[in-house]
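Structure record follows, encoded as structure tokens.
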Amino acid sequence: DVTYGWWVGNSVVTNKSSRFIGSHVAHTGLICFAAGANTLWELARYNPDIPMGHQGMVSIPHLASIGIGFDPTGTVLDGTSIAFIGVFHLICSMVYAGAGLLHSLIFSEDTQNSSGLFADDRPEHRQAARYKLEWDNPDNQTFILGHHLIFFGVACIWFVEWARIHGIYDPAIGAVRQVEYNLNLTNIWNHQFDFLAIDSLEDVMGGHAFLAFVEITGGAFHIATKQTGEYTEFKGKNILSAEAVLSWSLAGIGWMAIIA
């Protein structure tokens with residue numbers, strides 16, 4: 001009996017958890033396909049005599065920034081590794097597309113309340129039913145939120161370890177180098193309002209390491225506890241609206257980073 005308006009994100013898939021999964025997987029597949037196709041498109045047109053910024057490139061510069069596709073000085077192109085990244089994303093996009101079609105066309109709409117595929121009357125699928133979205137169930141919302149936070153924390157750890165072991169491009173010296181994170185809580189606190197002025201990769205990695213700790217700790221807290229206070233429809237709208245605002249904010253920040 002959810003009465004959220006049409007403008008509230010994901011309200012159209014209420015009581016259709018499998019459709020919700022399908023839409024998200026398909027969305028991921030589109031992003032993956034765009035990344036892979038654009039990488040190959042840029043690689044086919046790359047001119048080493050012209051700066052990448054003057055060629056309107058997006059994907060290859062990002063790969064170069066994390067030390068993929070170029071030598072340590074960022075000048076000699078290694079097309080094999082860049083092509084591998086592009087093709088790998090295309091293959092993943094097909095896997096995501098297949099999963100999205102299965103959840104949208106074959107599997108039952110609701111993973112918990114129907115008798116079709118992935119229904120909770122099957123013992124092997126009872127664990128999956130815990131992730132069924134119930135907008136009017138605060139404990140369900142905080143349980144799912146906790147897992148999302150842990151995934152984000154793991155991604156931050158991966159980035160920190162990649163910079164520490166493999167290395168990333170340092171524009172200050174014009175080369176790829178290994179970066180040890182500087183977990184200085186004072187610097188992290190002071191930089192929260194002037195993060196655009198940070199000029200140390202060690203501080204950047206330290207911030208990601210701290211963020212990983214906060215996200216994983218927060219995720220574990222949300223999984224192990226239940227929401228406090230009275231849960232109202234207004235709070236439910238806040239949860240959905242926050243997701244939409246965050247998504248568009250990240251898209252805006254990414255676009256500003258590209259045009260900058």
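The way I read the labels, and the way they are meant: chains A, B, ... in the order of the structure tokens, residue 1 as the first residue of every chain, and ligand 1 as the first ligand shown, with later ones counted on from there.
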
Next on the checklist: Env of Leu183 (chain A): 12 Å cut, atoms = only C-alpha atoms, seq-sep filter 6 positions within chain, self excluded. Answer as a PyMOL selection string.
Outcome noted: chain A and resi 160+189+201-213

Atoms kept (N, CA and C atoms) for selection, written as a tab-separated table (two decimals), in the first residue's frame:
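Result file is part20.tsv:
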```
chain	number	residue	atom	x	y	z
A	160	VAL	N	43.04	2.39	-2.82
A	160	VAL	CA	44.21	2.70	-1.99
A	160	VAL	C	45.32	1.68	-2.22
A	189	TRP	N	40.34	16.12	8.35
A	189	TRP	CA	39.31	17.04	8.88
A	189	TRP	C	39.45	18.43	8.27
A	201	LEU	N	49.08	13.49	-3.21
A	201	LEU	CA	48.42	12.21	-3.45
A	201	LEU	C	48.37	11.37	-2.19
A	202	GLU	N	49.35	11.55	-1.30
A	202	GLU	CA	49.34	10.82	-0.03
A	202	GLU	C	48.11	11.19	0.79
A	203	ASP	N	47.76	12.48	0.79
A	203	ASP	CA	46.57	12.92	1.51
A	203	ASP	C	45.30	12.40	0.85
A	204	VAL	N	45.30	12.35	-0.49
A	204	VAL	CA	44.14	11.82	-1.21
A	204	VAL	C	43.91	10.35	-0.85
A	205	MET	N	44.98	9.57	-0.85
A	205	MET	CA	44.85	8.16	-0.49
A	205	MET	C	44.49	7.99	0.98
A	206	GLY	N	45.03	8.86	1.83
A	206	GLY	CA	44.66	8.80	3.24
A	206	GLY	C	43.17	9.07	3.45
A	207	GLY	N	42.63	10.01	2.69
A	207	GLY	CA	41.20	10.28	2.77
A	207	GLY	C	40.37	9.09	2.33
A	208	HIS	N	40.81	8.40	1.28
A	208	HIS	CA	40.09	7.21	0.83
A	208	HIS	C	40.20	6.08	1.85
A	209	ALA	N	41.37	5.94	2.49
A	209	ALA	CA	41.51	4.90	3.50
A	209	ALA	C	40.59	5.18	4.68
A	210	PHE	N	40.50	6.44	5.09
A	210	PHE	CA	39.60	6.81	6.19
A	210	PHE	C	38.15	6.59	5.78
A	211	LEU	N	37.82	6.94	4.54
A	211	LEU	CA	36.45	6.76	4.05
A	211	LEU	C	36.08	5.28	4.02
A	212	ALA	N	37.03	4.43	3.65
A	212	ALA	CA	36.77	2.99	3.64
A	212	ALA	C	36.42	2.51	5.04
A	213	PHE	N	37.17	2.97	6.04
A	213	PHE	CA	36.89	2.57	7.43
A	213	PHE	C	35.50	3.03	7.86
```

Checklist entry - Which residues, written as JSON, numbers by chain, have at least one atom at most 7 Å from region 39-47 of chain A, with only C-alpha atoms counted and residues fewer than 6 positions away on the same chain left out? => result {"A": [57, 59, 60, 83, 86]}

Resulting file, chosen residues, N, CA and C atoms, as a PDB file, in the first residue's frame:
```
ATOM      1  N   MET A  57      39.238  13.428 -25.231  1.00  0.00           N
ATOM      2  CA  MET A  57      39.188  12.067 -24.708  1.00  0.00           C
ATOM      3  C   MET A  57      38.797  12.047 -23.239  1.00  0.00           C
ATOM      4  N   SER A  59      38.026   8.391 -21.535  1.00  0.00           N
ATOM      5  CA  SER A  59      38.350   7.082 -20.964  1.00  0.00           C
ATOM      6  C   SER A  59      39.849   6.849 -20.850  1.00  0.00           C
ATOM      7  N   ILE A  60      40.584   7.091 -21.943  1.00  0.00           N
ATOM      8  CA  ILE A  60      42.027   6.835 -21.927  1.00  0.00           C
ATOM      9  C   ILE A  60      42.749   7.699 -20.900  1.00  0.00           C
ATOM     10  N   ALA A  83      43.196  -1.881 -24.967  1.00  0.00           N
ATOM     11  CA  ALA A  83      42.229  -2.677 -25.715  1.00  0.00           C
ATOM     12  C   ALA A  83      41.630  -3.772 -24.841  1.00  0.00           C
ATOM     13  N   GLY A  86      38.957  -2.266 -22.672  1.00  0.00           N
ATOM     14  CA  GLY A  86      37.746  -1.982 -23.433  1.00  0.00           C
ATOM     15  C   GLY A  86      36.948  -3.233 -23.752  1.00  0.00           C
TER      16      GLY A  86
END
```

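CA of His147 (chain A) lies 20.5 Å from CA of Gly100 (chain A).
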
Checklist entry - If you count only C-alpha atoms, which residues fall within 12 Å of Asp71 (chain A), apart from same-chain ones fewer than 3 positions away, as JSON, numbers by chain? => result {"A": [63, 64, 65, 66, 67, 68, 74, 75, 76, 77, 78, 79, 81, 167, 168, 169, 174, 175, 176, 177]}

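Between CA of Thr217 (chain A) and CA of Val154 (chain A) there is a distance of 11.3 Å.
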
Next on the checklist: Applying 6 Å and only C-alpha atoms, which residues near Ile216 (chain A) remain after dropping the ones on its own chain fewer than 3 positions away? List them as a VMD selection string.
Outcome noted: chain A and resid 150 153 213 219

Item to check | Test item, helix (DSSP H, G or I) assignment across region 143-232 of chain A, answer as a VMD selection string | outcome: chain A and resid 143 to 165 185 to 190 195 to 197 201 to 224

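If you count only C-alpha atoms and ignore residues fewer than 2 places along the chain from Gly22 (chain A), what sits within 7 Å of it is Ser18, Arg19, Phe20, His24, Val25, Ala26, Ala99, Gly100, Leu101, His103 and Ser104 of chain A.
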
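One finds CA of Asp199 (chain A) at 19.7 Å from CA of Glu161 (chain A).
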
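Each of A:His89, A:His148, A:His27, A:His54 was checked against Gly218 (chain A) using only C-alpha atoms; the smallest atom-to-atom distance is that of A:His148.
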